[in-house]
$ cat protein_26.cif   # mmCIF, C-alpha atoms
data_run
loop_
_atom_site.label_atom_id
_atom_site.label_comp_id
_atom_site.auth_asym_id
_atom_site.auth_seq_id
_atom_site.Cartn_x
_atom_site.Cartn_y
_atom_site.Cartn_z
CA MET Y 24 42.22 -70.46 -8.69
CA ALA Y 25 40.86 -68.26 -5.93
CA ILE Y 26 43.82 -65.89 -6.26
CA PHE Y 27 43.22 -65.64 -10.04
CA LYS Y 28 39.58 -64.67 -9.53
CA ARG Y 29 40.45 -62.09 -6.92
CA LYS Y 30 43.02 -60.43 -9.20
CA ASN Y 31 40.55 -60.36 -12.08
CA LEU Y 32 37.88 -58.89 -9.81
CA ILE Y 33 40.22 -56.14 -8.61
CA HIS Y 34 41.21 -55.45 -12.23
CA LEU Y 35 37.53 -55.23 -13.26
CA ILE Y 36 36.70 -52.84 -10.40
CA ALA Y 37 39.63 -50.60 -11.34
CA ILE Y 38 38.57 -50.44 -15.00
CA THR Y 39 34.94 -49.70 -14.04
CA ALA Y 40 36.00 -46.94 -11.62
CA MET Y 41 38.18 -45.30 -14.28
CA ALA Y 42 35.34 -45.46 -16.80
CA LEU Y 43 32.92 -43.86 -14.33
CA LEU Y 44 35.45 -41.19 -13.46
CA ALA Y 45 35.99 -40.39 -17.13
CA THR Y 46 32.24 -40.19 -17.70
CA GLY Y 47 31.82 -37.92 -14.71
CA CYS Y 48 34.50 -35.58 -16.01
CA SER Y 49 33.02 -35.38 -19.50
CA ASP Y 50 29.36 -34.81 -18.44
CA ASP Y 51 28.41 -31.45 -16.80
CA HIS Y 52 25.94 -32.27 -14.05
CA GLY Y 53 26.24 -28.86 -12.38
CA LEU Y 54 24.18 -25.70 -12.85
CA ALA Y 55 25.69 -23.16 -15.25
CA PRO Y 56 26.00 -19.64 -13.82
CA ILE Y 57 23.36 -17.12 -14.86
CA ARG Y 58 24.91 -14.71 -17.35
CA SER Y 59 21.85 -12.56 -18.07
CA GLY Y 60 20.46 -9.80 -15.93
CA ILE Y 61 19.91 -6.08 -15.38
CA SER Y 62 22.34 -3.32 -14.41
CA GLY Y 63 22.13 0.34 -13.58
CA THR Y 64 22.59 2.97 -10.89
CA ILE Y 65 20.75 3.36 -7.60
CA ASN Y 66 20.44 6.98 -6.44
CA TYR Y 67 19.68 7.45 -2.75
CA ILE Y 68 17.52 10.35 -1.58
CA GLY Y 69 17.87 11.51 2.02
CA GLU Y 70 20.05 10.34 4.88
CA TRP Y 71 20.80 6.69 5.56
CA PRO Y 72 18.89 5.56 8.68
CA PRO Y 73 21.42 4.67 11.41
CA ASN Y 74 19.50 1.46 12.15
CA THR Y 75 19.92 0.10 8.59
CA ALA Y 76 20.67 -3.62 8.55
CA GLU Y 77 20.46 -4.36 4.81
CA VAL Y 78 19.49 -2.89 1.47
CA ARG Y 79 18.84 -5.22 -1.44
CA ILE Y 80 17.58 -4.92 -4.99
CA VAL Y 81 14.54 -7.08 -5.75
CA ALA Y 82 12.61 -8.18 -8.82
CA ALA Y 83 9.00 -9.24 -9.31
CA THR Y 84 7.36 -10.89 -12.29
CA ASN Y 85 4.03 -9.22 -11.50
CA PHE Y 86 2.91 -5.89 -10.11
CA PRO Y 87 1.92 -5.42 -7.43
CA PRO Y 88 3.59 -8.31 -5.61
CA ASN Y 89 1.30 -9.83 -2.98
CA ASP Y 90 3.98 -10.19 -0.32
CA ILE Y 91 7.72 -10.51 0.19
CA ASN Y 92 7.58 -14.12 -1.04
CA ASP Y 93 6.68 -12.86 -4.53
CA LEU Y 94 10.02 -11.06 -4.79
CA ILE Y 95 13.32 -12.38 -6.12
CA ILE Y 96 15.78 -10.91 -3.64
CA GLY Y 97 19.27 -10.01 -4.83
CA ASP Y 98 22.58 -9.58 -3.07
CA ILE Y 99 23.18 -7.18 -0.19
CA LEU Y 100 24.30 -3.75 -1.42
CA ALA Y 101 26.97 -1.64 0.24
CA ILE Y 102 25.61 0.59 3.00
CA GLY Y 103 26.31 4.31 2.73
CA GLY Y 104 26.92 6.80 -0.05
CA GLU Y 105 24.72 8.77 -2.40
CA SER Y 106 24.63 6.19 -5.18
CA THR Y 107 25.84 2.73 -6.16
CA GLU Y 108 26.13 0.66 -9.32
CA TYR Y 109 24.42 -2.73 -9.43
CA THR Y 110 24.23 -5.83 -11.59
CA PHE Y 111 21.34 -8.17 -10.81
CA TYR Y 112 21.69 -11.60 -12.44
CA LEU Y 113 18.31 -12.97 -13.51
CA ASN Y 114 17.02 -15.53 -16.00
CA PRO Y 115 15.47 -14.21 -19.23
CA GLY Y 116 11.99 -12.80 -18.63
CA ASP Y 117 9.99 -9.71 -17.71
CA TYR Y 118 10.62 -8.01 -14.35
CA TYR Y 119 9.68 -5.04 -12.22
CA LEU Y 120 12.58 -3.72 -10.13
CA GLY Y 121 12.64 -2.24 -6.66
CA LEU Y 122 14.79 -1.68 -3.62
CA VAL Y 123 14.00 -2.95 -0.13
CA TRP Y 124 15.30 -1.73 3.22
CA ARG Y 125 15.54 -3.78 6.40
CA GLU Y 126 15.90 -2.37 9.87
CA GLN Y 127 18.21 -3.99 12.41
CA ASN Y 128 16.55 -6.82 14.37
CA ALA Y 129 13.52 -6.77 12.05
CA ALA Y 130 12.17 -8.86 9.20
CA TRP Y 131 11.57 -7.91 5.58
CA GLY Y 132 8.07 -6.80 4.60
CA ILE Y 133 6.33 -5.72 1.43
CA GLN Y 134 6.19 -2.27 3.05
CA SER Y 135 10.01 -2.23 3.00
CA ILE Y 136 10.15 -1.20 -0.68
CA PHE Y 137 11.55 2.34 -0.84
CA GLY Y 138 12.67 2.57 -4.45
CA LEU Y 139 11.24 1.56 -7.84
CA HIS Y 140 12.33 1.59 -11.46
CA LEU Y 141 9.65 3.76 -13.07
CA VAL Y 142 8.49 4.63 -16.57
CA GLU Y 143 10.50 7.70 -17.57
CA GLY Y 144 8.51 10.84 -16.87
CA ASN Y 145 5.76 8.99 -15.00
CA PRO Y 146 6.32 8.73 -11.22
CA PHE Y 147 3.21 6.57 -10.84
CA SER Y 148 3.95 3.79 -13.31
CA PRO Y 149 6.41 0.92 -12.67
CA ALA Y 150 8.53 0.07 -15.72
CA LEU Y 151 8.68 -3.48 -17.02
CA VAL Y 152 12.21 -4.61 -17.93
CA THR Y 153 12.64 -7.44 -20.45
CA ILE Y 154 15.73 -9.67 -20.47
CA PRO Y 155 15.57 -11.17 -23.99
CA ASP Y 156 18.04 -14.06 -23.75
CA ALA Y 157 20.51 -15.88 -21.53
CA SER Y 158 23.53 -13.76 -22.54
CA THR Y 159 22.19 -10.20 -22.26
CA ILE Y 160 22.72 -7.73 -19.40
CA VAL Y 161 20.09 -5.01 -19.88
CA GLN Y 162 21.81 -1.76 -18.92
CA ASN Y 163 20.94 1.69 -17.56
CA LYS Y 164 17.90 0.64 -15.53
CA ASN Y 165 18.23 3.21 -12.77
CA ILE Y 166 16.33 3.38 -9.47
CA ASP Y 167 15.70 6.37 -7.20
CA ALA Y 168 15.39 5.21 -3.57
CA ASP Y 169 13.86 7.63 -1.04
CA PHE Y 170 14.76 6.90 2.58
CA SER Y 171 11.74 8.90 3.78
CA LYS Y 172 9.65 6.04 2.31
CA ALA Y 173 11.67 3.26 4.01
CA ARG Y 174 9.42 1.44 6.46
CA ARG Y 175 9.88 -1.37 8.92
CA GLY Y 176 8.17 -4.62 7.90
CA SER Y 177 4.96 -5.17 9.87
CA SER Y 178 1.81 -7.29 9.92
CA SER Y 179 -0.56 -4.28 9.96
CA SER Y 180 -3.22 -3.94 7.29
CA ILE Y 181 -6.31 -2.25 5.86
CA SER Y 182 -9.15 -4.37 4.47
CA GLY Y 183 -12.74 -4.10 3.35
CA MET Y 184 -15.02 -4.36 0.33
CA VAL Y 185 -15.54 -2.27 -2.78
CA HIS Y 186 -18.95 -2.20 -4.49
CA PHE Y 187 -19.39 -1.21 -8.14
CA VAL Y 188 -22.51 0.48 -9.50
CA GLY Y 189 -23.18 1.12 -13.18
CA ASP Y 190 -21.65 -0.11 -16.43
CA TRP Y 191 -17.99 -1.04 -16.37
CA PRO Y 192 -15.75 0.73 -18.90
CA GLU Y 193 -14.34 -1.37 -21.72
CA GLN Y 194 -10.78 -2.73 -21.90
CA ILE Y 195 -10.32 -3.15 -18.13
CA GLU Y 196 -7.71 -5.78 -17.25
CA GLY Y 197 -8.17 -5.54 -13.49
CA LEU Y 198 -7.85 -3.20 -10.54
CA MET Y 199 -6.13 -2.51 -7.24
CA VAL Y 200 -7.24 -0.79 -4.08
CA ILE Y 201 -4.61 1.74 -3.02
CA ALA Y 202 -3.96 3.68 0.17
CA SER Y 203 -1.84 6.84 -0.03
CA THR Y 204 0.06 8.58 2.74
CA GLU Y 205 -0.09 11.80 0.71
CA PHE Y 206 -3.02 13.57 -0.98
CA PRO Y 207 -2.50 14.43 -3.68
CA PRO Y 208 0.22 11.78 -4.06
CA THR Y 209 3.57 12.67 -5.60
CA THR Y 210 5.06 9.25 -6.35
CA LEU Y 211 4.16 5.58 -6.51
CA LEU Y 212 6.05 5.18 -3.22
CA ASP Y 213 3.24 7.09 -1.46
CA PHE Y 214 0.97 4.09 -2.05
CA SER Y 215 0.34 0.76 -0.43
CA PHE Y 216 -1.48 -1.71 -2.68
CA SER Y 217 -3.89 -4.58 -2.57
CA SER Y 218 -3.24 -7.59 -4.77
CA PHE Y 219 -4.39 -7.43 -8.41
CA LEU Y 220 -8.18 -7.87 -8.34
CA PRO Y 221 -10.62 -8.90 -11.12
CA GLY Y 222 -12.80 -6.46 -13.01
CA TYR Y 223 -16.43 -6.71 -14.16
CA VAL Y 224 -17.75 -7.79 -10.75
CA ASP Y 225 -20.46 -6.36 -8.49
CA SER Y 226 -18.12 -6.23 -5.50
CA THR Y 227 -14.75 -7.49 -4.31
CA ASP Y 228 -12.95 -7.90 -1.02
CA TYR Y 229 -9.52 -6.34 -0.69
CA PHE Y 230 -6.57 -6.51 1.69
CA ILE Y 231 -3.65 -4.07 1.86
CA SER Y 232 -0.44 -4.66 3.80
CA ALA Y 233 -0.15 -1.17 5.25
CA ALA Y 234 2.61 -0.01 7.60
CA PRO Y 235 1.63 2.15 10.58
CA ASP Y 236 0.81 5.63 9.25
CA THR Y 237 -2.03 7.99 8.38
CA TYR Y 238 -3.44 7.16 4.96
CA ARG Y 239 -4.95 10.32 3.57
CA ALA Y 240 -6.80 8.65 0.70
CA VAL Y 241 -8.04 5.15 -0.14
CA GLY Y 242 -9.26 4.47 -3.65
CA VAL Y 243 -9.43 2.19 -6.69
CA VAL Y 244 -7.10 2.37 -9.66
CA MET Y 245 -7.80 0.37 -12.82
CA LYS Y 246 -5.36 -1.28 -15.21
CA LEU Y 247 -6.25 -0.85 -18.89
CA VAL Y 248 -5.39 -3.63 -21.35
CA ASN Y 249 -1.88 -3.16 -22.78
CA GLN Y 250 -1.44 0.10 -20.85
CA PRO Y 251 0.80 0.88 -17.85
CA TRP Y 252 -0.61 1.77 -14.46
CA ALA Y 253 -1.60 5.45 -14.46
CA LEU Y 254 -2.90 7.83 -11.81
CA GLU Y 255 -5.59 9.14 -14.14
CA ASN Y 256 -7.23 5.70 -13.97
CA ILE Y 257 -8.28 6.18 -10.35
CA VAL Y 258 -12.05 5.73 -10.49
CA GLY Y 259 -13.19 5.88 -6.87
CA ILE Y 260 -12.08 7.31 -3.52
CA LEU Y 261 -13.30 6.63 0.02
CA LEU Y 262 -15.04 9.88 1.06
CA LYS Y 263 -16.14 11.36 4.35
CA GLU Y 264 -19.85 11.05 4.99
CA ASN Y 265 -21.84 13.76 3.17
CA SER Y 266 -18.63 15.23 1.80
CA PHE Y 267 -16.39 15.19 -1.24
CA GLN Y 268 -13.28 15.12 0.96
CA PRO Y 269 -11.20 11.92 1.24
CA GLN Y 270 -11.64 9.93 4.43
CA GLU Y 271 -8.40 9.32 6.29
CA VAL Y 272 -7.59 5.84 7.61
CA ILE Y 273 -5.17 5.58 10.52
CA VAL Y 274 -3.09 2.45 11.11
CA PRO Y 275 -1.70 3.07 14.62
CA THR Y 276 0.58 0.11 15.37
CA GLU Y 277 2.54 -2.67 13.69
CA ASP Y 278 -0.13 -5.26 14.52
CA SER Y 279 -3.23 -3.14 13.76
CA HIS Y 280 -5.76 -4.58 11.33
CA ILE Y 281 -8.19 -1.88 10.22
CA GLU Y 282 -11.20 -3.73 8.85
CA ASP Y 283 -14.52 -2.94 7.15
CA ILE Y 284 -13.21 0.01 5.16
CA ASP Y 285 -15.96 -0.32 2.57
CA PHE Y 286 -16.86 2.09 -0.20
CA THR Y 287 -18.66 2.27 -3.55
CA VAL Y 288 -17.43 3.13 -7.04
CA TYR Y 289 -20.05 4.65 -9.34
CA PHE Y 290 -19.52 4.31 -13.09
CA ARG Y 291 -21.11 6.71 -15.50
CA GLU Y 292 -24.01 5.34 -17.45
CA LYS Y 293 -23.32 4.70 -21.13
#
$ encode --input "protein_26.cif" --output "structure tokens"
Amino acid sequence: MAIFKRKNLIHLIAITAMALLATGCSDDHGLAPIRSGISGTINYIGEWPPNTAEVRIVAATNFPPNDINDLIIGDILAIGGESTEYTFYLNPGDYYLGLVWREQNAAWGIQSIFGLHLVEGNPFSPALVTIPDASTIVQNKNIDADFSKARRGSSSSISGMVHFVGDWPEQIEGLMVIASTEFPPTTLLDFSFSSFLPGYVDSTDYFISAAPDTYRAVGVVMKLVNQPWALENIVGILLKENSFQPQEVIVPTEDSHIEDIDFTVYFREK
């Protein structure tokens, strides 16, 4: 009797195992590969730095990204050459595209962005790319990457407060404080940005991750509702005392924190 029970038990276990195996084969418990994304050409401007460790394409769902953790970082691209083709696999959604550079023996930083996909004909406005569904590769989204703008990631920064006087314009979605290494600027890559700040306030604190450099102008740019970022929406600039000349801000080292850079934006009365 004991032998009979043991044989039946072994038979039952075998049947159960086969059933589980069959179920496991028929059900897909894995993650399907992403088949949607963005493709295009990256055009490099200038010479490749000899200390280049990596170059990667990145995507952000908001602009500006607050830090490197806000970026979706793609695969490593081949080092060298004047241009390269890319395909960046992403889930359906809206994205801003950029290129980041990393120096050998250094970390990534938000300052490491040295290329952006821009609105055609507007070097100051990042272009939003929409992936409509899970089977579409959006093509011909090209990026110009300027090695003269490639910076080592650092913890350095500029911070302060902006005060607003007068009546706010209508249709303001928000604002950023920007610091430019060139004045007048020639491209969005001349700027370092604060996070996206609220409008219709009396004052606001700001913080900019700013690599070591001389920033020849610090100002406020506003984002209009349903409009792209535009240079003509700069509404205030930090000025020298008793002057209409921009005040330079120098960030000397990778761990410098330049604080209390305060200024006031005056709106015209309605």
$ resolve_selection --input "protein_26.cif" --expression "the PyMOL selection byres ((chain Y and resi 236) around 7)" --output "ChimeraX atom specification"
/Y:234-235,237-238,273-275
$ residues_around --input "protein_26.cif" --residues "Ser59 of chain Y" --least-positions-apart "6" --cutoff "9 Å" --atoms "only C-alpha atoms" --output "list in words"
Phe111, Tyr112, Leu113, Asn114, Pro115, Ile154, Pro155, Asp156, Ala157, Ser158, Thr159, Ile160 and Val161 of chain Y
$ resolve_selection --input "protein_26.cif" --expression "the PyMOL selection byres ((chain Y and resi 212-222) around 7)" --output "PDB file with C-alpha atoms, in the frame of the given file"
ATOM      1  CA  PRO Y  87       1.920  -5.420  -7.430  1.00  0.00           C
ATOM      2  CA  PRO Y  88       3.590  -8.310  -5.610  1.00  0.00           C
ATOM      3  CA  ASN Y  89       1.300  -9.830  -2.980  1.00  0.00           C
ATOM      4  CA  PHE Y 137      11.550   2.340  -0.840  1.00  0.00           C
ATOM      5  CA  LYS Y 172       9.650   6.040   2.310  1.00  0.00           C
ATOM      6  CA  ILE Y 195     -10.320  -3.150 -18.130  1.00  0.00           C
ATOM      7  CA  GLU Y 196      -7.710  -5.780 -17.250  1.00  0.00           C
ATOM      8  CA  GLY Y 197      -8.170  -5.540 -13.490  1.00  0.00           C
ATOM      9  CA  LEU Y 198      -7.850  -3.200 -10.540  1.00  0.00           C
ATOM     10  CA  MET Y 199      -6.130  -2.510  -7.240  1.00  0.00           C
ATOM     11  CA  VAL Y 200      -7.240  -0.790  -4.080  1.00  0.00           C
ATOM     12  CA  ILE Y 201      -4.610   1.740  -3.020  1.00  0.00           C
ATOM     13  CA  ALA Y 202      -3.960   3.680   0.170  1.00  0.00           C
ATOM     14  CA  SER Y 203      -1.840   6.840  -0.030  1.00  0.00           C
ATOM     15  CA  THR Y 204       0.060   8.580   2.740  1.00  0.00           C
ATOM     16  CA  GLU Y 205      -0.090  11.800   0.710  1.00  0.00           C
ATOM     17  CA  PRO Y 208       0.220  11.780  -4.060  1.00  0.00           C
ATOM     18  CA  THR Y 209       3.570  12.670  -5.600  1.00  0.00           C
ATOM     19  CA  THR Y 210       5.060   9.250  -6.350  1.00  0.00           C
ATOM     20  CA  LEU Y 211       4.160   5.580  -6.510  1.00  0.00           C
ATOM     21  CA  TYR Y 223     -16.430  -6.710 -14.160  1.00  0.00           C
ATOM     22  CA  VAL Y 224     -17.750  -7.790 -10.750  1.00  0.00           C
ATOM     23  CA  TYR Y 229      -9.520  -6.340  -0.690  1.00  0.00           C
ATOM     24  CA  PHE Y 230      -6.570  -6.510   1.690  1.00  0.00           C
ATOM     25  CA  ILE Y 231      -3.650  -4.070   1.860  1.00  0.00           C
ATOM     26  CA  SER Y 232      -0.440  -4.660   3.800  1.00  0.00           C
ATOM     27  CA  ALA Y 233      -0.150  -1.170   5.250  1.00  0.00           C
TER      28      ALA Y 233
END
$ resolve_selection --input "protein_26.cif" --expression "the PyMOL selection byres ((chain Y and resi 194) around 6)" --output "VMD selection string"
chain Y and resid 193 195 247 to 248
$ atom_distance --input "protein_26.cif" --atom1 "atom CA of Ile260 of chain Y" --atom2 "atom CA of Val188 of chain Y"
13.8 Å
$ closest_residue --input "protein_26.cif" --among "Y:Asp190, Y:Asp283, Y:Glu105, Y:Glu143" --to "Glu70 of chain Y" --atoms "all atoms listed in the file"
Y:Glu105
$ residues_around --input "protein_26.cif" --residues "Asn74 of chain Y" --least-positions-apart "2" --cutoff "9 Å" --atoms "all atoms listed in the file" --output "PyMOL selection string"
chain Y and resi 71-72+76+125-127
$ residues_around --input "protein_26.cif" --residues "Arg175 of chain Y" --least-positions-apart "4" --cutoff "8 Å" --atoms "only C-alpha atoms" --output "list in words"
Trp124, Arg125, Glu126, Ala129, Ala130, Trp131, Gly132, Gln134, Ser135 and Ala234 of chain Y
$ write_last_selection --input "protein_26.cif" --atoms "C-alpha atoms" --output "PDB file, keeping the file's coordinate frame"
ATOM      1  CA  TRP Y 124      15.300  -1.730   3.220  1.00  0.00           C
ATOM      2  CA  ARG Y 125      15.540  -3.780   6.400  1.00  0.00           C
ATOM      3  CA  GLU Y 126      15.900  -2.370   9.870  1.00  0.00           C
ATOM      4  CA  ALA Y 129      13.520  -6.770  12.050  1.00  0.00           C
ATOM      5  CA  ALA Y 130      12.170  -8.860   9.200  1.00  0.00           C
ATOM      6  CA  TRP Y 131      11.570  -7.910   5.580  1.00  0.00           C
ATOM      7  CA  GLY Y 132       8.070  -6.800   4.600  1.00  0.00           C
ATOM      8  CA  GLN Y 134       6.190  -2.270   3.050  1.00  0.00           C
ATOM      9  CA  SER Y 135      10.010  -2.230   3.000  1.00  0.00           C
ATOM     10  CA  ALA Y 234       2.610  -0.010   7.600  1.00  0.00           C
TER      11      ALA Y 234
END
$ atom_distance --input "protein_26.cif" --atom1 "atom CA of His280 of chain Y" --atom2 "atom CA of Arg174 of chain Y"
17.0 Å
